[in-house]
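Raw contents of final_0.txt, compact mmCIF, N, CA and C atoms and all ligand atoms:
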# COMPACT_ATOMS: atom_id res chain seq x y z
N MET R 189 -32.63 -14.72 -0.30
CA MET R 189 -32.79 -16.01 -0.97
C MET R 189 -32.94 -17.13 0.05
N ASP R 190 -32.52 -16.88 1.32
CA ASP R 190 -32.58 -17.91 2.33
C ASP R 190 -33.97 -17.97 2.93
N LEU R 191 -34.70 -19.03 2.63
CA LEU R 191 -36.09 -19.14 3.05
C LEU R 191 -36.26 -20.20 4.14
N ARG R 192 -35.22 -20.43 4.92
CA ARG R 192 -35.33 -21.39 6.01
C ARG R 192 -36.42 -20.97 6.97
N PRO R 193 -37.25 -21.90 7.38
CA PRO R 193 -38.30 -21.56 8.34
C PRO R 193 -37.70 -21.22 9.69
N GLY R 194 -37.97 -20.02 10.18
CA GLY R 194 -37.37 -19.57 11.42
C GLY R 194 -37.82 -20.37 12.62
N TRP R 195 -39.03 -20.91 12.56
CA TRP R 195 -39.54 -21.65 13.72
C TRP R 195 -38.74 -22.91 13.99
N LEU R 196 -38.06 -23.40 12.96
CA LEU R 196 -37.31 -24.65 13.13
C LEU R 196 -35.97 -24.41 13.81
N TYR R 197 -35.38 -23.28 13.52
CA TYR R 197 -34.03 -23.02 14.02
C TYR R 197 -34.00 -21.99 15.15
N GLY R 198 -35.14 -21.41 15.45
CA GLY R 198 -35.15 -20.41 16.50
C GLY R 198 -34.48 -19.14 16.04
N ASP R 199 -33.80 -18.49 16.97
CA ASP R 199 -33.16 -17.22 16.67
C ASP R 199 -31.84 -17.47 15.95
N VAL R 200 -31.82 -17.28 14.65
CA VAL R 200 -30.61 -17.52 13.88
C VAL R 200 -29.91 -16.21 13.51
N THR R 201 -30.49 -15.09 13.88
CA THR R 201 -29.84 -13.82 13.57
C THR R 201 -28.55 -13.68 14.36
N GLY R 202 -27.56 -13.09 13.74
CA GLY R 202 -26.29 -12.91 14.43
C GLY R 202 -25.32 -14.04 14.19
N THR R 203 -25.73 -15.06 13.47
CA THR R 203 -24.80 -16.15 13.18
C THR R 203 -23.65 -15.65 12.32
N THR R 204 -22.47 -16.22 12.52
CA THR R 204 -21.30 -15.81 11.75
C THR R 204 -20.98 -16.82 10.65
N THR R 205 -21.81 -17.85 10.52
CA THR R 205 -21.51 -18.89 9.56
C THR R 205 -22.46 -18.86 8.37
N GLU R 206 -23.28 -17.82 8.29
CA GLU R 206 -24.22 -17.72 7.17
C GLU R 206 -23.45 -17.57 5.86
N PRO R 207 -23.61 -18.51 4.94
CA PRO R 207 -22.81 -18.51 3.70
C PRO R 207 -23.01 -17.27 2.84
N THR R 208 -24.15 -16.60 3.00
CA THR R 208 -24.42 -15.49 2.11
C THR R 208 -24.01 -14.14 2.71
N THR R 209 -23.30 -14.16 3.84
CA THR R 209 -22.81 -12.91 4.41
C THR R 209 -21.84 -12.26 3.42
N PRO R 210 -22.05 -10.99 3.12
CA PRO R 210 -21.15 -10.33 2.17
C PRO R 210 -19.70 -10.33 2.65
N LEU R 211 -18.80 -10.48 1.75
CA LEU R 211 -17.38 -10.43 2.08
C LEU R 211 -16.99 -8.98 2.38
N THR R 212 -16.07 -8.83 3.31
CA THR R 212 -15.62 -7.49 3.69
C THR R 212 -14.11 -7.39 3.56
N ALA R 213 -13.57 -6.22 3.83
CA ALA R 213 -12.13 -6.01 3.76
C ALA R 213 -11.39 -6.85 4.79
N ALA R 214 -12.10 -7.35 5.80
CA ALA R 214 -11.49 -8.19 6.82
C ALA R 214 -11.33 -9.63 6.37
N ASP R 215 -11.99 -9.98 5.27
CA ASP R 215 -11.88 -11.34 4.74
C ASP R 215 -10.68 -11.40 3.81
N ARG R 216 -9.74 -12.28 4.11
CA ARG R 216 -8.50 -12.34 3.36
C ARG R 216 -8.34 -13.66 2.63
N CYS R 217 -7.67 -13.61 1.49
CA CYS R 217 -7.38 -14.80 0.71
C CYS R 217 -6.54 -15.78 1.53
N ASP R 218 -6.92 -17.06 1.53
CA ASP R 218 -6.19 -18.06 2.28
C ASP R 218 -4.80 -18.32 1.70
N ARG R 219 -4.58 -17.91 0.48
CA ARG R 219 -3.31 -18.18 -0.19
C ARG R 219 -2.31 -17.03 -0.08
N CYS R 220 -2.80 -15.81 -0.29
CA CYS R 220 -1.85 -14.69 -0.37
C CYS R 220 -2.22 -13.54 0.56
N ASN R 221 -3.31 -13.68 1.30
CA ASN R 221 -3.72 -12.69 2.29
C ASN R 221 -4.21 -11.38 1.67
N ALA R 222 -4.44 -11.38 0.37
CA ALA R 222 -5.09 -10.22 -0.24
C ALA R 222 -6.57 -10.23 0.15
N GLN R 223 -7.25 -9.13 -0.14
CA GLN R 223 -8.67 -9.09 0.18
C GLN R 223 -9.42 -10.15 -0.62
N ALA R 224 -10.27 -10.90 0.08
CA ALA R 224 -10.98 -12.01 -0.55
C ALA R 224 -12.25 -11.51 -1.23
N TYR R 225 -12.49 -12.03 -2.41
CA TYR R 225 -13.71 -11.69 -3.15
C TYR R 225 -14.52 -12.94 -3.50
N VAL R 226 -14.01 -14.10 -3.14
CA VAL R 226 -14.73 -15.35 -3.42
C VAL R 226 -14.70 -16.22 -2.17
N ARG R 227 -15.89 -16.66 -1.75
CA ARG R 227 -16.00 -17.59 -0.63
C ARG R 227 -16.43 -18.94 -1.18
N VAL R 228 -15.66 -19.96 -0.87
CA VAL R 228 -15.98 -21.32 -1.32
C VAL R 228 -16.39 -22.14 -0.10
N VAL R 229 -17.65 -22.54 -0.07
CA VAL R 229 -18.16 -23.32 1.05
C VAL R 229 -18.03 -24.80 0.73
N LEU R 230 -17.33 -25.50 1.62
CA LEU R 230 -17.11 -26.93 1.46
C LEU R 230 -17.86 -27.69 2.55
N PRO R 231 -18.04 -28.99 2.35
CA PRO R 231 -18.71 -29.78 3.39
C PRO R 231 -17.99 -29.72 4.73
N VAL R 232 -16.70 -29.43 4.73
CA VAL R 232 -15.90 -29.45 5.95
C VAL R 232 -15.50 -28.05 6.42
N GLY R 233 -15.98 -27.03 5.74
CA GLY R 233 -15.60 -25.68 6.13
C GLY R 233 -15.70 -24.75 4.95
N GLU R 234 -14.89 -23.71 4.95
CA GLU R 234 -14.93 -22.80 3.83
C GLU R 234 -13.56 -22.21 3.57
N LEU R 235 -13.36 -21.77 2.33
CA LEU R 235 -12.11 -21.15 1.92
C LEU R 235 -12.42 -19.77 1.36
N LEU R 236 -11.46 -18.86 1.53
CA LEU R 236 -11.60 -17.53 0.95
C LEU R 236 -10.47 -17.33 -0.04
N PHE R 237 -10.81 -16.75 -1.18
CA PHE R 237 -9.81 -16.50 -2.21
C PHE R 237 -9.94 -15.10 -2.76
N CYS R 238 -8.82 -14.51 -3.14
CA CYS R 238 -8.85 -13.31 -3.94
C CYS R 238 -9.26 -13.72 -5.36
N ALA R 239 -9.48 -12.75 -6.23
CA ALA R 239 -9.92 -13.06 -7.59
C ALA R 239 -8.89 -13.91 -8.32
N HIS R 240 -7.61 -13.58 -8.10
CA HIS R 240 -6.53 -14.30 -8.76
C HIS R 240 -6.54 -15.78 -8.38
N HIS R 241 -6.56 -16.07 -7.08
CA HIS R 241 -6.49 -17.45 -6.64
C HIS R 241 -7.82 -18.18 -6.84
N ALA R 242 -8.92 -17.46 -6.86
CA ALA R 242 -10.20 -18.10 -7.18
C ALA R 242 -10.16 -18.69 -8.58
N ARG R 243 -9.61 -17.90 -9.50
CA ARG R 243 -9.49 -18.41 -10.87
C ARG R 243 -8.53 -19.59 -10.93
N GLU R 244 -7.42 -19.47 -10.18
CA GLU R 244 -6.40 -20.51 -10.23
C GLU R 244 -6.91 -21.83 -9.68
N HIS R 245 -7.72 -21.78 -8.61
CA HIS R 245 -8.15 -23.00 -7.94
C HIS R 245 -9.56 -23.43 -8.31
N ALA R 246 -10.22 -22.68 -9.15
CA ALA R 246 -11.60 -23.00 -9.52
C ALA R 246 -11.78 -24.44 -9.99
N PRO R 247 -10.88 -24.97 -10.84
CA PRO R 247 -11.06 -26.36 -11.29
C PRO R 247 -11.03 -27.37 -10.15
N LYS R 248 -10.33 -27.03 -9.05
CA LYS R 248 -10.22 -27.96 -7.93
C LYS R 248 -11.45 -27.90 -7.03
N PHE R 249 -11.89 -26.68 -6.70
CA PHE R 249 -12.99 -26.60 -5.74
C PHE R 249 -14.36 -26.71 -6.38
N ALA R 250 -14.43 -26.55 -7.70
CA ALA R 250 -15.74 -26.56 -8.35
C ALA R 250 -16.48 -27.87 -8.15
N SER R 251 -15.73 -28.97 -8.07
CA SER R 251 -16.37 -30.28 -7.98
C SER R 251 -16.76 -30.66 -6.55
N VAL R 252 -16.19 -29.97 -5.56
CA VAL R 252 -16.45 -30.34 -4.17
C VAL R 252 -17.21 -29.27 -3.38
N ALA R 253 -17.24 -28.05 -3.89
CA ALA R 253 -17.88 -26.96 -3.16
C ALA R 253 -19.39 -27.14 -3.13
N THR R 254 -19.99 -26.80 -1.98
CA THR R 254 -21.44 -26.84 -1.88
C THR R 254 -22.04 -25.49 -2.24
N HIS R 255 -21.20 -24.45 -2.19
CA HIS R 255 -21.65 -23.11 -2.54
C HIS R 255 -20.44 -22.26 -2.88
N VAL R 256 -20.54 -21.47 -3.93
CA VAL R 256 -19.48 -20.54 -4.26
C VAL R 256 -20.07 -19.14 -4.33
N GLN R 257 -19.54 -18.27 -3.48
CA GLN R 257 -20.02 -16.89 -3.43
C GLN R 257 -18.98 -16.02 -4.14
N ASP R 258 -19.32 -15.59 -5.33
CA ASP R 258 -18.37 -14.87 -6.16
C ASP R 258 -18.72 -13.38 -6.16
N GLU R 259 -17.85 -12.60 -5.55
CA GLU R 259 -18.06 -11.15 -5.51
C GLU R 259 -16.98 -10.42 -6.29
N THR R 260 -16.40 -11.10 -7.27
CA THR R 260 -15.32 -10.47 -8.03
C THR R 260 -15.82 -9.28 -8.85
N ASP R 261 -17.13 -9.21 -9.07
CA ASP R 261 -17.67 -8.04 -9.74
C ASP R 261 -17.35 -6.77 -8.96
N ARG R 262 -17.32 -6.91 -7.62
CA ARG R 262 -17.03 -5.76 -6.78
C ARG R 262 -15.60 -5.29 -6.97
N LEU R 263 -14.71 -6.21 -7.30
CA LEU R 263 -13.31 -5.85 -7.51
C LEU R 263 -13.22 -4.83 -8.64
N LEU R 264 -13.94 -5.07 -9.71
CA LEU R 264 -13.95 -4.14 -10.83
C LEU R 264 -14.63 -2.85 -10.45
N ALA R 265 -15.71 -2.96 -9.69
CA ALA R 265 -16.47 -1.77 -9.31
C ALA R 265 -15.64 -0.85 -8.41
N GLU R 266 -14.82 -1.47 -7.53
CA GLU R 266 -14.10 -0.68 -6.55
C GLU R 266 -12.75 -0.21 -7.06
N HIS R 267 -12.14 -0.98 -7.93
CA HIS R 267 -10.78 -0.67 -8.35
C HIS R 267 -10.62 -0.39 -9.84
N GLY R 268 -11.70 -0.51 -10.56
CA GLY R 268 -11.62 -0.23 -11.99
C GLY R 268 -11.20 -1.44 -12.79
N ALA R 269 -11.30 -1.31 -14.11
CA ALA R 269 -11.05 -2.44 -15.00
C ALA R 269 -9.59 -2.84 -15.02
N GLY R 270 -8.69 -1.99 -14.51
CA GLY R 270 -7.26 -2.27 -14.56
C GLY R 270 -6.78 -3.13 -13.43
N ALA R 271 -7.69 -3.63 -12.59
CA ALA R 271 -7.30 -4.39 -11.40
C ALA R 271 -7.08 -5.86 -11.69
N GLY R 272 -7.13 -6.25 -12.93
CA GLY R 272 -7.04 -7.65 -13.27
C GLY R 272 -5.76 -8.31 -12.81
N ALA R 273 -4.68 -7.55 -12.71
CA ALA R 273 -3.40 -8.13 -12.35
C ALA R 273 -3.19 -8.14 -10.84
N ALA R 274 -4.08 -7.50 -10.09
CA ALA R 274 -3.91 -7.41 -8.65
C ALA R 274 -4.23 -8.73 -7.98
N GLY R 275 -3.64 -8.95 -6.84
CA GLY R 275 -3.97 -10.11 -6.06
C GLY R 275 -2.97 -11.21 -6.27
ZN ZN R 301 -4.83 -14.82 -3.31
Mind converting the file's structure to structure tokens?
Amino acid sequence: MDLRPGWLYGDVTGTTTEPTTPLTAADRCDRCNAQAYVRVVLPVGELLFCAHHAREHAPKFASVATHVQDETDRLLAEHGAGAGAAG
């Protein structure tokens, strides 16, 4: 989905700040240190949340976030429908 012209930015491959980088098991919730499934990009940085805290803080970050990467679908895919209470 990222259609930035490469000629303008030069070699951008390998960047670690690309907002659309998939979340991994190394990404942890800023609140409880569980595995993060939601990345909230803010003008001043970014926050990572587990599914539980993403829901809890959604009303706060929704108005200020420039991008929200929601991968909570993967939580269900990886842990089954009973994972709702986890996190
Ligand atoms: Zn959490």
Go through segment 204-242 of chain R and flag each residue having an atom no more than 6.5 Å from segment 256-265 of chain R; for those, report the closest pair of atoms plus their distance in Å to one decimal, using all atoms listed in the file, ordered by chain and rising number, as a Markdown table.
| residue | atom | partner | partner_atom | distance |
| --- | --- | --- | --- | --- |
| R:Tyr225 | C | R:Glu259 | N | 3.9 |
| R:Val226 | CA | R:Gln257 | C | 4.4 |
| R:Arg227 | C | R:Gln257 | N | 3.9 |
| R:Val228 | CA | R:Val256 | CA | 4.6 |
| R:Val229 | N | R:Val256 | N | 4.9 |
| R:Ala239 | CA | R:Thr260 | CA | 6.0 |
inquiry  = as a list in words, please: every protein or nucleic acid residue near ligand ZN 301 (chain R) (cut-off 7 Å, counting only C-alpha atoms and all ligand atoms).
reply    =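 These are the residues that qualify: Cys217, Asp218, Arg219, Cys220, Asn221, Ala222, Phe237, Cys238, Ala239, His240, His241 and Gly275 of chain R.
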Those selected residues, please, written with N, CA and C atoms and delivered as a PDB file, in the coordinates of the input.
ATOM      1  N   CYS R 217      -7.670 -13.610   1.490  1.00  0.00           N
ATOM      2  CA  CYS R 217      -7.380 -14.800   0.710  1.00  0.00           C
ATOM      3  C   CYS R 217      -6.540 -15.780   1.530  1.00  0.00           C
ATOM      4  N   ASP R 218      -6.920 -17.060   1.530  1.00  0.00           N
ATOM      5  CA  ASP R 218      -6.190 -18.060   2.280  1.00  0.00           C
ATOM      6  C   ASP R 218      -4.800 -18.320   1.700  1.00  0.00           C
ATOM      7  N   ARG R 219      -4.580 -17.910   0.480  1.00  0.00           N
ATOM      8  CA  ARG R 219      -3.310 -18.180  -0.190  1.00  0.00           C
ATOM      9  C   ARG R 219      -2.310 -17.030  -0.080  1.00  0.00           C
ATOM     10  N   CYS R 220      -2.800 -15.810  -0.290  1.00  0.00           N
ATOM     11  CA  CYS R 220      -1.850 -14.690  -0.370  1.00  0.00           C
ATOM     12  C   CYS R 220      -2.220 -13.540   0.560  1.00  0.00           C
ATOM     13  N   ASN R 221      -3.310 -13.680   1.300  1.00  0.00           N
ATOM     14  CA  ASN R 221      -3.720 -12.690   2.290  1.00  0.00           C
ATOM     15  C   ASN R 221      -4.210 -11.380   1.670  1.00  0.00           C
ATOM     16  N   ALA R 222      -4.440 -11.380   0.370  1.00  0.00           N
ATOM     17  CA  ALA R 222      -5.090 -10.220  -0.240  1.00  0.00           C
ATOM     18  C   ALA R 222      -6.570 -10.230   0.150  1.00  0.00           C
ATOM     19  N   PHE R 237     -10.810 -16.750  -1.180  1.00  0.00           N
ATOM     20  CA  PHE R 237      -9.810 -16.500  -2.210  1.00  0.00           C
ATOM     21  C   PHE R 237      -9.940 -15.100  -2.760  1.00  0.00           C
ATOM     22  N   CYS R 238      -8.820 -14.510  -3.140  1.00  0.00           N
ATOM     23  CA  CYS R 238      -8.850 -13.310  -3.940  1.00  0.00           C
ATOM     24  C   CYS R 238      -9.260 -13.720  -5.360  1.00  0.00           C
ATOM     25  N   ALA R 239      -9.480 -12.750  -6.230  1.00  0.00           N
ATOM     26  CA  ALA R 239      -9.920 -13.060  -7.590  1.00  0.00           C
ATOM     27  C   ALA R 239      -8.890 -13.910  -8.320  1.00  0.00           C
ATOM     28  N   HIS R 240      -7.610 -13.580  -8.100  1.00  0.00           N
ATOM     29  CA  HIS R 240      -6.530 -14.300  -8.760  1.00  0.00           C
ATOM     30  C   HIS R 240      -6.540 -15.780  -8.380  1.00  0.00           C
ATOM     31  N   HIS R 241      -6.560 -16.070  -7.080  1.00  0.00           N
ATOM     32  CA  HIS R 241      -6.490 -17.450  -6.640  1.00  0.00           C
ATOM     33  C   HIS R 241      -7.820 -18.180  -6.840  1.00  0.00           C
ATOM     34  N   GLY R 275      -3.640  -8.950  -6.840  1.00  0.00           N
ATOM     35  CA  GLY R 275      -3.970 -10.110  -6.060  1.00  0.00           C
ATOM     36  C   GLY R 275      -2.970 -11.210  -6.270  1.00  0.00           C
TER      37      GLY R 275
END
inquiry  = I'd like to know which of R:Arg216, R:Leu230, R:Ala224, R:Thr208 is closest to Thr254 of chain R, using only C-alpha atoms.
reply    = R:Leu230
key: atom CA of Asp215 of chain R to atom CA of Pro231 of chain R, straight-line distance in Å   =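 It comes out at 19.7 Å.
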task = Select from segment 200-242 of chain R everything DSSP, run on the backbone, classes as alpha helix (DSSP H), then give the selection as a PyMOL selection string.
result = chain R and resi 239-242
note = Atom pair atom N of Ala250 of chain R + atom C of Gln223 of chain R, distance 18.6 Å
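The space between atom CA of Val252 of chain R and atom CA of Gly233 of chain R spans 11.3 Å.
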Save segment 239-269 of chain R to disk from that block, C-alpha atoms included, as a short mmCIF file (atom, residue, chain, number, x, y, z; two decimals), in the first residue's frame.
data_model
loop_
_atom_site.label_atom_id
_atom_site.label_comp_id
_atom_site.auth_asym_id
_atom_site.auth_seq_id
_atom_site.Cartn_x
_atom_site.Cartn_y
_atom_site.Cartn_z
CA ALA R 239 -5.78 -6.67 22.31
CA HIS R 240 -7.04 -6.03 25.83
CA HIS R 241 -5.34 -2.66 26.28
CA ALA R 242 -6.02 -1.62 22.68
CA ARG R 243 -9.71 -1.89 23.43
CA GLU R 244 -9.28 -0.13 26.77
CA HIS R 245 -7.36 2.84 25.34
CA ALA R 246 -8.99 3.07 21.93
CA PRO R 247 -11.17 6.08 22.90
CA LYS R 248 -8.03 7.98 23.93
CA PHE R 249 -5.73 7.27 21.01
CA ALA R 250 -8.37 7.25 18.28
CA SER R 251 -8.48 11.04 18.13
CA VAL R 252 -4.71 11.60 18.05
CA ALA R 253 -3.30 8.59 16.20
CA THR R 254 -2.08 9.09 12.65
CA HIS R 255 -2.27 5.36 11.96
CA VAL R 256 -3.61 2.33 13.79
CA GLN R 257 -2.32 -1.08 12.79
CA ASP R 258 -4.75 -3.63 14.16
CA GLU R 259 -3.62 -7.24 13.99
CA THR R 260 -5.98 -8.58 16.62
CA ASP R 261 -7.41 -10.90 13.99
CA ARG R 262 -4.17 -12.84 14.32
CA LEU R 263 -4.84 -13.32 18.03
CA LEU R 264 -7.92 -15.34 17.18
CA ALA R 265 -6.16 -17.16 14.37
CA GLU R 266 -3.24 -18.18 16.58
CA HIS R 267 -4.96 -18.84 19.88
CA GLY R 268 -8.53 -19.63 18.99
CA ALA R 269 -11.79 -17.93 19.84
#
